[in-house]
>>> print(open('target_25.txt').read())   # compact mmCIF, C-alpha atoms (C1' of nucleotides)
# COMPACT_ATOMS: atom_id res chain seq x y z
CA MET T 1 -227.19 75.85 69.13
CA LYS T 2 -224.37 77.31 71.20
CA ILE T 3 -225.47 77.25 74.84
CA LEU T 4 -223.87 78.67 77.93
CA PHE T 5 -224.96 77.29 81.29
CA ILE T 6 -224.84 79.23 84.56
CA GLY T 7 -225.68 77.66 87.91
CA THR T 8 -224.33 76.37 91.21
CA PRO T 9 -226.23 73.98 93.57
CA ASP T 10 -227.63 70.46 93.20
CA PHE T 11 -230.81 71.69 91.56
CA SER T 12 -228.73 73.34 88.82
CA ALA T 13 -226.54 70.30 88.47
CA ASP T 14 -229.56 68.07 87.84
CA ILE T 15 -230.90 70.44 85.22
CA LEU T 16 -227.50 70.56 83.58
CA LYS T 17 -227.42 66.78 83.37
CA GLY T 18 -230.83 66.79 81.74
CA LEU T 19 -229.67 69.35 79.26
CA ILE T 20 -226.61 67.33 78.30
CA ASN T 21 -228.52 64.06 78.05
CA GLY T 22 -231.07 65.83 75.87
CA GLY T 23 -228.39 66.67 73.36
CA PHE T 24 -227.74 70.28 74.31
CA LYS T 25 -224.24 70.17 75.68
CA PRO T 26 -223.19 73.68 76.75
CA VAL T 27 -219.96 75.13 75.36
CA LEU T 28 -219.13 76.72 78.69
CA VAL T 29 -220.36 76.32 82.27
CA ILE T 30 -220.14 79.22 84.70
CA THR T 31 -220.43 78.48 88.38
CA GLU T 32 -219.46 79.93 91.75
CA THR T 33 -215.95 79.56 93.11
CA ASP T 34 -215.04 76.57 95.27
CA LYS T 35 -215.92 77.35 98.85
CA PRO T 36 -215.25 75.93 102.29
CA VAL T 37 -218.11 73.62 103.18
CA GLY T 38 -219.13 71.34 106.01
CA ARG T 39 -217.87 70.67 109.49
CA LYS T 40 -214.24 70.61 108.51
CA GLN T 41 -214.52 73.60 106.21
CA VAL T 42 -213.05 71.66 103.34
CA ILE T 43 -212.81 73.62 100.11
CA THR T 44 -215.39 71.97 97.89
CA PRO T 45 -216.36 72.51 94.27
CA PRO T 46 -220.06 73.25 93.66
CA PRO T 47 -222.23 70.41 92.26
CA VAL T 48 -222.48 72.03 88.85
CA LYS T 49 -218.71 72.01 88.51
CA LEU T 50 -218.57 68.27 89.17
CA VAL T 51 -221.09 67.58 86.43
CA ALA T 52 -219.24 69.82 84.01
CA GLN T 53 -216.00 68.01 84.77
CA GLU T 54 -217.66 64.66 84.28
CA TYR T 55 -218.71 65.68 80.77
CA GLN T 56 -215.51 67.59 80.09
CA ILE T 57 -217.13 70.94 79.56
CA PRO T 58 -214.96 74.05 80.03
CA ILE T 59 -215.63 75.75 83.38
CA ALA T 60 -215.36 79.35 84.50
CA GLN T 61 -215.57 80.39 88.15
CA PRO T 62 -215.31 84.18 88.25
CA GLU T 63 -215.44 86.07 91.55
CA GLU T 64 -217.59 88.57 89.69
CA ILE T 65 -219.49 87.46 86.64
CA LEU T 66 -219.01 90.89 85.12
CA ASN T 67 -215.30 90.03 84.76
CA LEU T 68 -216.32 87.43 82.24
CA GLU T 69 -218.29 89.73 79.99
CA SER T 70 -215.68 90.03 77.26
CA LYS T 71 -215.14 86.29 77.18
CA ILE T 72 -218.86 85.70 76.80
CA LEU T 73 -218.95 88.25 74.00
CA ASP T 74 -216.20 86.30 72.25
CA ILE T 75 -218.10 83.04 72.54
CA LYS T 76 -221.23 84.60 71.05
CA PRO T 77 -223.66 82.13 72.62
CA ASP T 78 -227.09 81.70 71.05
CA LEU T 79 -228.64 81.08 74.43
CA ILE T 80 -227.80 81.30 78.10
CA VAL T 81 -229.51 79.06 80.65
CA VAL T 82 -229.39 80.30 84.22
CA VAL T 83 -230.42 78.10 87.15
CA ALA T 84 -229.77 79.31 90.69
CA TYR T 85 -226.35 80.83 90.17
CA GLY T 86 -225.86 82.88 93.30
CA GLN T 87 -224.99 86.17 91.65
CA VAL T 88 -227.20 88.68 89.93
CA ILE T 89 -226.50 88.70 86.24
CA PRO T 90 -226.16 92.22 84.83
CA LYS T 91 -228.19 93.47 81.94
CA SER T 92 -225.14 93.80 79.72
CA ILE T 93 -224.67 90.04 79.84
CA LEU T 94 -228.37 89.20 79.58
CA GLU T 95 -228.43 91.01 76.26
CA ILE T 96 -225.59 89.08 74.65
CA PRO T 97 -227.27 85.90 73.38
CA ARG T 98 -229.46 86.05 70.32
CA HIS T 99 -232.24 83.98 71.93
CA GLY T 100 -231.88 85.59 75.33
CA CYS T 101 -231.43 84.13 78.80
CA LEU T 102 -233.67 81.36 80.08
CA ASN T 103 -234.48 80.77 83.70
CA ILE T 104 -236.25 77.82 85.28
CA HIS T 105 -238.43 78.62 88.26
CA PRO T 106 -240.16 75.94 90.34
CA SER T 107 -243.59 77.54 90.60
CA LEU T 108 -246.40 78.73 88.37
CA LEU T 109 -245.25 82.30 87.85
CA PRO T 110 -246.28 84.94 88.66
CA ARG T 111 -247.22 83.01 91.79
CA TRP T 112 -244.38 82.66 94.30
CA ARG T 113 -241.64 84.69 92.80
CA GLY T 114 -238.48 84.81 94.87
CA PRO T 115 -236.12 82.31 96.45
CA SER T 116 -238.45 79.91 98.31
CA PRO T 117 -241.34 79.01 96.00
CA ILE T 118 -241.51 75.33 96.93
CA GLN T 119 -241.80 75.97 100.65
CA TYR T 120 -244.44 78.66 100.20
CA THR T 121 -246.48 76.42 97.94
CA ILE T 122 -246.80 73.70 100.56
CA LEU T 123 -247.07 76.08 103.50
CA ASN T 124 -249.93 77.80 101.78
CA GLY T 125 -251.74 74.56 101.03
CA ASP T 126 -251.80 75.13 97.26
CA LYS T 127 -253.52 72.37 95.31
CA LYS T 128 -251.25 72.60 92.31
CA THR T 129 -247.90 74.01 91.33
CA GLY T 130 -245.43 73.56 88.50
CA VAL T 131 -242.41 74.89 86.71
CA THR T 132 -242.05 77.97 84.59
CA ILE T 133 -239.44 78.78 81.99
CA MET T 134 -239.07 82.43 81.29
CA LEU T 135 -236.88 84.92 79.54
CA MET T 136 -234.91 86.86 82.08
CA ASP T 137 -235.08 90.60 82.39
CA GLU T 138 -233.64 92.95 84.96
CA LYS T 139 -236.27 92.30 87.61
CA ILE T 140 -236.18 89.06 89.54
CA ASP T 141 -238.54 86.34 88.26
CA HIS T 142 -240.35 88.96 86.25
CA GLY T 143 -239.62 88.26 82.57
CA PRO T 144 -242.03 86.94 79.94
CA ILE T 145 -243.09 83.32 80.20
CA LEU T 146 -242.10 80.87 77.47
CA SER T 147 -243.59 77.70 78.84
CA GLN T 148 -245.22 76.29 81.91
CA ARG T 149 -246.16 72.85 83.16
CA GLU T 150 -248.47 72.03 86.10
CA ILE T 151 -248.55 69.20 88.60
CA ILE T 152 -250.98 68.33 91.36
CA ILE T 153 -249.67 68.45 94.89
CA SER T 154 -250.37 65.32 96.89
CA GLU T 155 -251.63 65.20 100.48
CA ASN T 156 -248.34 64.37 102.10
CA GLU T 157 -246.07 66.26 99.73
CA THR T 158 -242.83 67.47 101.28
CA GLY T 159 -240.23 69.98 100.24
CA LYS T 160 -238.07 67.12 99.16
CA THR T 161 -240.56 65.16 97.09
CA LEU T 162 -241.90 68.28 95.42
CA SER T 163 -238.43 69.53 94.66
CA GLU T 164 -237.51 66.24 93.03
CA LYS T 165 -240.65 66.23 90.91
CA LEU T 166 -240.16 69.81 89.80
CA THR T 167 -236.50 69.29 88.96
CA ASP T 168 -237.43 66.40 86.76
CA LEU T 169 -240.28 68.26 85.13
CA GLY T 170 -238.14 71.36 84.69
CA ALA T 171 -235.38 69.47 82.94
CA ARG T 172 -237.81 68.01 80.42
CA LEU T 173 -239.63 71.27 79.84
CA LEU T 174 -236.31 73.00 79.27
CA LEU T 175 -235.46 70.66 76.40
CA GLU T 176 -238.82 71.25 74.75
CA THR T 177 -238.56 74.98 75.21
CA ILE T 178 -235.09 75.19 73.75
CA SER T 179 -236.05 73.29 70.64
CA GLN T 180 -239.09 75.53 70.22
CA LEU T 181 -236.84 78.54 70.54
CA GLY T 182 -234.51 77.10 67.93
CA ARG T 183 -237.34 76.70 65.48
CA GLY T 184 -238.69 80.15 66.19
CA LEU T 185 -241.92 78.76 67.62
CA ALA T 186 -241.63 80.24 71.07
CA LYS T 187 -244.08 82.96 71.94
CA PRO T 188 -243.24 84.82 75.12
CA ARG T 189 -246.15 86.25 77.05
CA PRO T 190 -245.74 88.80 79.82
CA GLN T 191 -246.60 87.91 83.40
CA ASN T 192 -249.77 89.20 84.98
CA GLU T 193 -248.40 91.63 87.55
CA GLU T 194 -251.68 91.76 89.45
CA LYS T 195 -251.44 88.11 90.36
CA ALA T 196 -247.82 88.16 91.48
CA THR T 197 -247.03 86.80 94.95
CA TYR T 198 -243.64 86.66 96.58
CA SER T 199 -241.68 84.20 98.67
CA LYS T 200 -239.01 85.41 101.05
CA ILE T 201 -235.64 83.90 101.72
CA LEU T 202 -235.90 81.53 104.69
CA THR T 203 -233.41 81.43 107.53
CA ARG T 204 -232.77 78.72 110.10
CA GLN T 205 -234.74 80.78 112.62
CA ASP T 206 -237.84 80.62 110.43
CA GLY T 207 -237.88 76.89 111.15
CA LYS T 208 -238.67 77.39 114.81
CA ILE T 209 -242.09 75.95 115.57
CA ASN T 210 -244.64 78.27 117.09
CA TRP T 211 -246.87 75.99 119.15
CA LYS T 212 -249.57 78.64 119.20
CA ARG T 213 -250.31 77.83 115.60
CA THR T 214 -252.74 75.06 114.83
CA ALA T 215 -251.45 71.52 114.50
CA GLU T 216 -252.49 71.60 110.88
CA GLU T 217 -250.36 74.66 110.16
CA ILE T 218 -247.39 73.21 111.99
CA GLU T 219 -247.66 69.93 110.14
CA LYS T 220 -247.64 71.80 106.84
CA GLN T 221 -244.57 73.70 107.92
CA ILE T 222 -242.75 70.49 108.79
CA ARG T 223 -243.40 69.13 105.30
CA ALA T 224 -242.65 72.42 103.54
CA PHE T 225 -239.37 73.01 105.35
CA GLU T 226 -238.07 69.47 105.02
CA LEU T 227 -235.02 70.35 102.96
CA TRP T 228 -234.56 73.91 104.16
CA PRO T 229 -234.64 75.35 106.76
CA GLU T 230 -236.11 72.34 108.65
CA SER T 231 -238.40 72.66 111.68
CA PHE T 232 -237.28 72.63 115.28
CA THR T 233 -238.36 73.29 118.83
CA LEU T 234 -236.51 73.77 122.10
CA TRP T 235 -236.60 71.39 125.06
CA GLN T 236 -235.29 72.10 128.53
CA SER T 237 -233.63 68.84 129.52
CA ARG T 238 -232.01 68.14 132.85
CA ARG T 239 -228.76 69.82 131.90
CA LYS T 240 -229.51 72.38 129.24
CA LEU T 241 -231.77 73.73 126.55
CA LEU T 242 -231.63 71.39 123.58
CA LYS T 243 -232.73 71.79 120.02
CA ILE T 244 -234.99 69.10 118.60
CA LYS T 245 -235.66 68.87 114.91
CA ILE T 246 -239.01 67.43 113.95
CA SER T 247 -239.04 65.79 110.57
CA LYS T 248 -242.38 64.00 110.50
CA ALA T 249 -245.65 64.53 112.30
CA THR T 250 -249.40 64.10 112.02
CA THR T 251 -252.29 65.96 113.54
CA LEU T 252 -254.77 64.73 116.11
CA LYS T 253 -258.09 66.26 117.01
CA SER T 254 -259.86 65.14 120.13
CA LYS T 255 -262.99 66.31 121.83
CA GLY T 256 -260.70 66.86 124.75
CA GLY T 257 -261.87 68.00 128.14
CA ILE T 258 -258.60 68.74 129.77
CA ALA T 259 -256.77 71.97 129.16
CA TYR T 260 -253.03 71.82 128.68
CA PRO T 261 -250.61 74.68 128.27
CA VAL T 262 -249.42 75.22 124.71
CA GLY T 263 -246.30 73.18 123.98
CA LYS T 264 -247.02 70.59 126.69
CA THR T 265 -245.96 67.06 125.77
CA LEU T 266 -248.16 64.10 126.58
CA THR T 267 -248.98 60.63 125.37
CA VAL T 268 -252.38 59.63 124.14
CA SER T 269 -251.57 56.01 123.51
CA GLN T 270 -248.40 54.01 124.00
CA ASN T 271 -245.17 55.37 122.61
CA GLN T 272 -246.74 58.46 121.14
CA ILE T 273 -245.64 62.00 121.63
CA CYS T 274 -248.43 64.54 121.41
CA VAL T 275 -247.94 68.25 121.78
CA GLN T 276 -250.67 70.69 122.64
CA CYS T 277 -251.01 73.27 119.90
CA GLY T 278 -253.20 76.21 119.07
CA LYS T 279 -255.36 77.89 121.63
CA GLY T 280 -254.26 75.45 124.26
CA PHE T 281 -256.04 76.41 127.41
CA LEU T 282 -259.52 76.26 125.99
CA PRO T 283 -261.17 73.04 127.12
CA GLY T 284 -262.94 71.00 124.54
CA GLU T 285 -260.50 71.93 121.84
CA GLY T 286 -257.99 69.12 121.56
CA ASP T 287 -255.59 70.29 118.91
CA PHE T 288 -252.49 68.12 119.00
CA LEU T 289 -249.45 67.47 116.89
CA VAL T 290 -248.27 63.87 117.00
CA ILE T 291 -244.50 63.73 116.54
CA GLU T 292 -243.35 60.69 114.58
CA ARG T 293 -239.71 61.33 113.76
CA LEU T 294 -237.31 63.67 115.47
CA GLN T 295 -233.66 64.41 116.00
CA LEU T 296 -232.12 65.64 119.20
CA GLU T 297 -229.14 67.95 118.91
CA GLY T 298 -226.00 65.83 118.63
CA LYS T 299 -227.94 62.63 117.99
CA LYS T 300 -229.20 60.81 114.97
CA GLU T 301 -232.73 61.08 113.69
CA MET T 302 -235.05 58.47 115.22
CA THR T 303 -238.69 57.58 115.75
CA SER T 304 -240.47 59.06 118.72
CA GLU T 305 -240.76 55.55 120.14
CA GLU T 306 -236.98 55.12 120.17
CA PHE T 307 -236.54 58.58 121.60
CA LEU T 308 -238.90 57.92 124.50
CA ARG T 309 -237.01 54.79 125.57
CA GLY T 310 -234.05 56.87 126.58
CA HIS T 311 -235.88 60.01 127.64
CA LEU T 312 -238.53 58.90 130.11
CA ASN T 313 -238.67 62.44 131.47
CA PHE T 314 -239.67 64.00 128.16
CA ILE T 315 -243.40 63.57 128.56
CA GLY T 316 -244.90 66.28 130.70
CA THR T 317 -242.43 69.00 129.80
CA ILE T 318 -243.22 72.13 127.83
CA LEU T 319 -241.58 72.81 124.51
CA LYS T 320 -240.61 76.35 123.70
C1' C O 1 -206.38 73.74 113.18
C1' G O 2 -214.05 77.60 113.03
C1' C O 3 -217.53 76.17 117.78
C1' G O 4 -219.94 72.10 120.24
C1' G O 5 -222.49 67.19 121.59
C1' G O 6 -221.72 61.86 121.28
C1' G O 7 -219.82 56.50 120.55
C1' U O 8 -222.02 51.57 127.25
C1' A O 9 -226.63 44.63 125.96
C1' G O 10 -230.97 44.08 119.63
C1' A O 11 -232.94 49.68 120.22
C1' G O 12 -232.91 54.37 123.05
C1' C O 13 -230.40 56.25 127.34
C1' A O 14 -228.04 56.61 132.75
C1' G O 15 -223.41 55.91 135.31
C1' C O 16 -218.15 59.71 134.98
C1' A O 17 -212.35 56.22 139.56
C1' G O 18 -213.74 50.71 143.09
C1' U O 19 -214.75 45.57 137.17
C1' A O 20 -222.05 48.13 134.90
C1' G O 21 -227.85 49.94 135.46
C1' C O 22 -232.83 51.86 133.42
C1' U O 23 -236.88 51.76 129.60
C1' C O 24 -238.33 48.92 125.35
C1' G O 25 -237.55 44.43 122.75
C1' U O 26 -236.37 39.14 123.32
C1' C O 27 -236.86 34.11 125.93
C1' U O 28 -239.46 31.13 129.95
C1' G O 29 -243.47 30.58 133.34
C1' G O 30 -248.12 32.69 135.42
C1' C O 31 -252.85 35.46 135.20
C1' U O 32 -256.81 36.08 131.43
C1' C O 33 -262.22 34.32 127.02
C1' A O 34 -258.18 37.24 125.21
C1' U O 35 -254.25 40.88 124.72
C1' A O 36 -249.83 45.27 122.25
C1' A O 37 -252.23 44.78 129.37
C1' C O 38 -250.51 42.77 134.13
C1' C O 39 -247.17 39.51 137.56
C1' A O 40 -242.59 36.43 138.29
C1' G O 41 -238.00 34.91 136.41
C1' G O 42 -233.92 34.40 132.58
C1' A O 43 -230.55 35.36 128.44
C1' G O 44 -227.73 39.14 126.39
C1' G O 45 -222.12 44.02 127.24
C1' U O 46 -213.82 42.42 126.50
C1' C O 47 -218.34 50.19 128.15
C1' G O 48 -215.55 53.01 119.54
C1' U O 49 -210.06 51.59 118.56
C1' G O 50 -204.90 51.52 120.98
C1' U O 51 -199.35 44.87 123.01
C1' G O 52 -200.96 54.08 124.84
C1' G O 53 -200.26 57.00 129.70
C1' U O 54 -201.40 57.96 135.17
C1' G O 55 -203.53 55.30 139.44
C1' C O 56 -203.75 49.91 144.33
C1' A O 57 -207.90 50.29 141.00
C1' A O 58 -210.49 53.36 134.67
C1' A O 59 -216.63 52.84 131.18
C1' U O 60 -215.08 56.74 134.38
C1' C O 61 -208.78 61.00 134.29
C1' C O 62 -204.76 62.07 130.20
C1' C O 63 -202.91 61.05 124.91
C1' A O 64 -203.52 59.42 119.73
C1' C O 65 -206.69 57.67 116.00
C1' C O 66 -211.56 56.12 113.71
C1' C O 67 -216.83 56.97 113.25
C1' C O 68 -221.79 59.68 114.10
C1' C O 69 -224.36 64.30 114.91
C1' G O 70 -225.81 69.81 116.06
C1' C O 71 -224.14 75.03 115.04
C1' A O 72 -221.58 78.11 111.85
C1' A O 73 -220.34 78.63 106.59
>>> encode(input="target_25.txt", output="structure tokens")
Amino acid sequence: MKILFIGTPDFSADILKGLINGGFKPVLVITETDKPVGRKQVITPPPVKLVAQEYQIPIAQPEEILNLESKILDIKPDLIVVVAYGQVIPKSILEIPRHGCLNIHPSLLPRWRGPSPIQYTILNGDKKTGVTIMLMDEKIDHGPILSQREIIISENETGKTLSEKLTDLGARLLLETISQLGRGLAKPRPQNEEKATYSKILTRQDGKINWKRTAEEIEKQIRAFELWPESFTLWQSRRKLLKIKISKATTLKSKGGIAYPVGKTLTVSQNQICVQCGKGFLPGEGDFLVIERLQLEGKKEMTSEEFLRGHLNFIGTILK
RNA sequence: CGCGGGGUAGAGCAGCAGUAGCUCGUCUGGCUCAUAACCAGGAGGUCGUGUGGUGCAAAUCCCACCCCCGCAA
């Protein structure tokens, strides 16, 4: 089967590897142009390009994918696999391959359509999730479903662990689905529009912790946003307002008798950072987040114990 | 040359011109039924690199380079 692969970031690159190792080496890989990346703004090829080079697959990096339409027509692919490309693929191209265009989505569609399904799954406290492979149509994450595989979400699942699991699962399901397609066994079924939910694109600002939420909600956010956009809070130090990323935390309930302002930092036992969350001022409602790992702006990530050694004045301040 | 923070004892930080100090850890002794608690004392640093520059004098100012990190992309 003549396959064309379209994708850009790490997630796509991993799927591409799985595809190649499964015996479906694409005839052409389309990916975004090399872009300046990182602190030094070095022009860097996207992950998918590196994989394609490694396996000596021809690469195309059009500014506009529409410019490539005639070339794709010439190739006459049987199937196009699209994984997180970065550009919207026009209908005229979607209609070229005989078997259509496949897309891998890391959720159980129609639940969590859109760009941030993994984060929303954890944030929402879902018990299970999975991957879906669907035939693309003009609407985003809307086409008929070809196959789906579920997994159970564990208690301390993070954006990272879930993403790894789903990438792996997705790569395997893709191979199965393609061979089914090849044998004409695939039976697409439309999505149930009534059950559709949507995830929004997340920005850095969305990672800001709102201490008025319950510790439980905040802890979920920290896990959900592990890879992107991460969770942070602001601390007024002696000199200036600093950003602190929080990468790991647990919750603590106490009968509590003392009322603290929301965002107040305190220690319950040695070397522990607790932050008052939720309703705050109400006595008898000890709702605390215990910070375990954090990273101060300009510093490396460390445990809260290490952090406290050098910041004796941290306890007793109020995080914003 | 995108913007910015930083490299000081094993760890985390302060000092920002007169050859280093804090918290934790570590070692020794004491207290205690006991202790991760408490008390006393000790060890541990050529202050990122430079047969660099300016000073009477540099961890502290200037220059070059290496490394780490935040923002922006």
>>> atom_distance(input="target_25.txt", atom1="CA of Lys279 (chain T)", atom2="CA of Gly125 (chain T)")
21.2 Å
>>> closest_residue(input="target_25.txt", among="T:Leu66, T:Leu266, T:Leu16, T:Leu242", to="chain O", atoms="only C-alpha atoms (C1' of nucleotides)")
T:Leu242
>>> interface_residues(input="target_25.txt", of="chain T", to="chain O", cutoff="8 Å", atoms="only C-alpha atoms (C1' of nucleotides)", output="list in words")
Pro36, Val37, Gly38, Gln41, Glu297, Gly298, Lys299, Lys300, Glu306, Phe307, Leu308, Arg309, Gly310, His311 and Leu312 of chain T
>>> write_last_selection(input="target_25.txt", atoms="C-alpha atoms", output="compact mmCIF listing (two decimals), in the frame of the given file")
# COMPACT_ATOMS: atom_id res chain seq x y z
CA PRO T 36 -215.25 75.93 102.29
CA VAL T 37 -218.11 73.62 103.18
CA GLY T 38 -219.13 71.34 106.01
CA GLN T 41 -214.52 73.60 106.21
CA GLU T 297 -229.14 67.95 118.91
CA GLY T 298 -226.00 65.83 118.63
CA LYS T 299 -227.94 62.63 117.99
CA LYS T 300 -229.20 60.81 114.97
CA GLU T 306 -236.98 55.12 120.17
CA PHE T 307 -236.54 58.58 121.60
CA LEU T 308 -238.90 57.92 124.50
CA ARG T 309 -237.01 54.79 125.57
CA GLY T 310 -234.05 56.87 126.58
CA HIS T 311 -235.88 60.01 127.64
CA LEU T 312 -238.53 58.90 130.11
>>> closest_residue(input="target_25.txt", among="O:U46, O:U51, O:U32, O:C62", to="U19 (chain O)", atoms="all atoms listed in the file")
O:U46
>>> residues_near_point(input="target_25.txt", point="(-229.2, 69.6, 103.0)", cutoff="12 Å", atoms="all atoms listed in the file", output="PDB file with C-alpha atoms, keeping the file's coordinate frame")
ATOM      1  CA  PRO T   9    -226.230  73.980  93.570  1.00  0.00           C
ATOM      2  CA  ASP T  10    -227.630  70.460  93.200  1.00  0.00           C
ATOM      3  CA  PHE T  11    -230.810  71.690  91.560  1.00  0.00           C
ATOM      4  CA  VAL T  37    -218.110  73.620 103.180  1.00  0.00           C
ATOM      5  CA  GLY T  38    -219.130  71.340 106.010  1.00  0.00           C
ATOM      6  CA  GLY T 159    -240.230  69.980 100.240  1.00  0.00           C
ATOM      7  CA  LYS T 160    -238.070  67.120  99.160  1.00  0.00           C
ATOM      8  CA  PHE T 225    -239.370  73.010 105.350  1.00  0.00           C
ATOM      9  CA  GLU T 226    -238.070  69.470 105.020  1.00  0.00           C
ATOM     10  CA  LEU T 227    -235.020  70.350 102.960  1.00  0.00           C
ATOM     11  CA  TRP T 228    -234.560  73.910 104.160  1.00  0.00           C
ATOM     12  CA  PRO T 229    -234.640  75.350 106.760  1.00  0.00           C
ATOM     13  CA  GLU T 230    -236.110  72.340 108.650  1.00  0.00           C
TER      14      GLU T 230
END
>>> closest_residue(input="target_25.txt", among="O:A9, O:C16, O:C61, O:C27", to="A43 (chain O)", atoms="all atoms listed in the file")
O:C27
>>> axis_aligned_box(input="target_25.txt", around="region 112-131 of chain T", padding_each_side="4 Å", output="AutoDock Vina command-line options")
--center_x -244.8 --center_y 78.6 --center_z 95.1 --size_x 25.4 --size_y 20.4 --size_z 24.8
>>> atom_distance(input="target_25.txt", atom1="CA of Ile246 (chain T)", atom2="CA of Ile291 (chain T)")
7.1 Å
>>> residues_around(input="target_25.txt", residues="region 114-123 of chain T", least_positions_apart="6", cutoff="9 Å", atoms="only C-alpha atoms (C1' of nucleotides)", output="mmCIF file with C-alpha atoms, keeping the file's coordinate frame")
data_model
loop_
_atom_site.group_PDB
_atom_site.id
_atom_site.type_symbol
_atom_site.label_atom_id
_atom_site.label_comp_id
_atom_site.auth_asym_id
_atom_site.auth_seq_id
_atom_site.Cartn_x
_atom_site.Cartn_y
_atom_site.Cartn_z
ATOM 1 C CA HIS T 105 -238.430 78.620 88.260
ATOM 2 C CA PRO T 106 -240.160 75.940 90.340
ATOM 3 C CA SER T 107 -243.590 77.540 90.600
ATOM 4 C CA THR T 129 -247.900 74.010 91.330
ATOM 5 C CA ILE T 140 -236.180 89.060 89.540
ATOM 6 C CA ASP T 141 -238.540 86.340 88.260
ATOM 7 C CA ILE T 153 -249.670 68.450 94.890
ATOM 8 C CA GLU T 157 -246.070 66.260 99.730
ATOM 9 C CA THR T 158 -242.830 67.470 101.280
ATOM 10 C CA GLY T 159 -240.230 69.980 100.240
ATOM 11 C CA LEU T 162 -241.900 68.280 95.420
ATOM 12 C CA SER T 163 -238.430 69.530 94.660
ATOM 13 C CA THR T 197 -247.030 86.800 94.950
ATOM 14 C CA TYR T 198 -243.640 86.660 96.580
ATOM 15 C CA SER T 199 -241.680 84.200 98.670
ATOM 16 C CA LYS T 200 -239.010 85.410 101.050
ATOM 17 C CA ILE T 201 -235.640 83.900 101.720
ATOM 18 C CA LEU T 202 -235.900 81.530 104.690
ATOM 19 C CA GLU T 217 -250.360 74.660 110.160
ATOM 20 C CA ILE T 218 -247.390 73.210 111.990
ATOM 21 C CA LYS T 220 -247.640 71.800 106.840
ATOM 22 C CA GLN T 221 -244.570 73.700 107.920
ATOM 23 C CA ILE T 222 -242.750 70.490 108.790
ATOM 24 C CA ARG T 223 -243.400 69.130 105.300
ATOM 25 C CA ALA T 224 -242.650 72.420 103.540
ATOM 26 C CA PHE T 225 -239.370 73.010 105.350
ATOM 27 C CA GLU T 226 -238.070 69.470 105.020
ATOM 28 C CA TRP T 228 -234.560 73.910 104.160
#
>>> closest_residue(input="target_25.txt", among="T:Glu64, T:Glu69, T:Asp78, T:Asp168", to="Pro26 (chain T)", atoms="all atoms listed in the file")
T:Asp78
>>> atom_distance(input="target_25.txt", atom1="C1' of G10 (chain O)", atom2="CA of Lys248 (chain T)")
24.7 Å
>>> closest_residue(input="target_25.txt", among="T:Lys25, T:Lys208, T:Lys165, T:Lys17", to="Leu4 (chain T)", atoms="all atoms listed in the file")
T:Lys25
>>> residues_around(input="target_25.txt", residues="Leu319 (chain T)", least_positions_apart="3", cutoff="6 Å", atoms="only C-alpha atoms (C1' of nucleotides)", output="PyMOL selection string")
chain T and resi 234-235+263
>>> decode(input="target_25.txt", residues="region 152-160 of chain T", atoms="N, CA, C and O atoms", output="short mmCIF file (atom, residue, chain, number, x, y, z; two decimals), in the first residue's frame")
data_model
loop_
_atom_site.label_atom_id
_atom_site.label_comp_id
_atom_site.auth_asym_id
_atom_site.auth_seq_id
_atom_site.Cartn_x
_atom_site.Cartn_y
_atom_site.Cartn_z
N ILE T 152 -7.46 2.25 31.07
CA ILE T 152 -7.89 2.78 32.36
C ILE T 152 -6.86 3.81 32.82
O ILE T 152 -5.66 3.59 32.67
N ILE T 153 -7.36 4.88 33.38
CA ILE T 153 -6.46 5.92 33.87
C ILE T 153 -6.12 5.64 35.33
O ILE T 153 -7.00 5.41 36.15
N SER T 154 -4.83 5.64 35.65
CA SER T 154 -4.46 5.33 37.03
C SER T 154 -4.55 6.57 37.91
O SER T 154 -4.65 7.69 37.44
N GLU T 155 -4.49 6.33 39.21
CA GLU T 155 -4.67 7.39 40.22
C GLU T 155 -3.74 8.59 40.01
O GLU T 155 -4.15 9.72 40.12
N ASN T 156 -2.48 8.27 39.78
CA ASN T 156 -1.51 9.36 39.70
C ASN T 156 -1.04 9.61 38.27
O ASN T 156 0.10 9.98 38.03
N GLU T 157 -1.92 9.38 37.35
CA GLU T 157 -1.61 9.58 35.93
C GLU T 157 -1.26 11.05 35.67
O GLU T 157 -1.89 11.94 36.19
N THR T 158 -0.23 11.27 34.85
CA THR T 158 0.11 12.64 34.49
C THR T 158 0.01 12.80 32.98
O THR T 158 -0.10 11.82 32.25
N GLY T 159 0.08 14.02 32.53
CA GLY T 159 0.04 14.30 31.11
C GLY T 159 1.11 13.53 30.37
O GLY T 159 0.91 13.04 29.28
N LYS T 160 2.24 13.40 31.02
CA LYS T 160 3.36 12.72 30.39
C LYS T 160 3.13 11.21 30.29
O LYS T 160 3.26 10.63 29.21
#
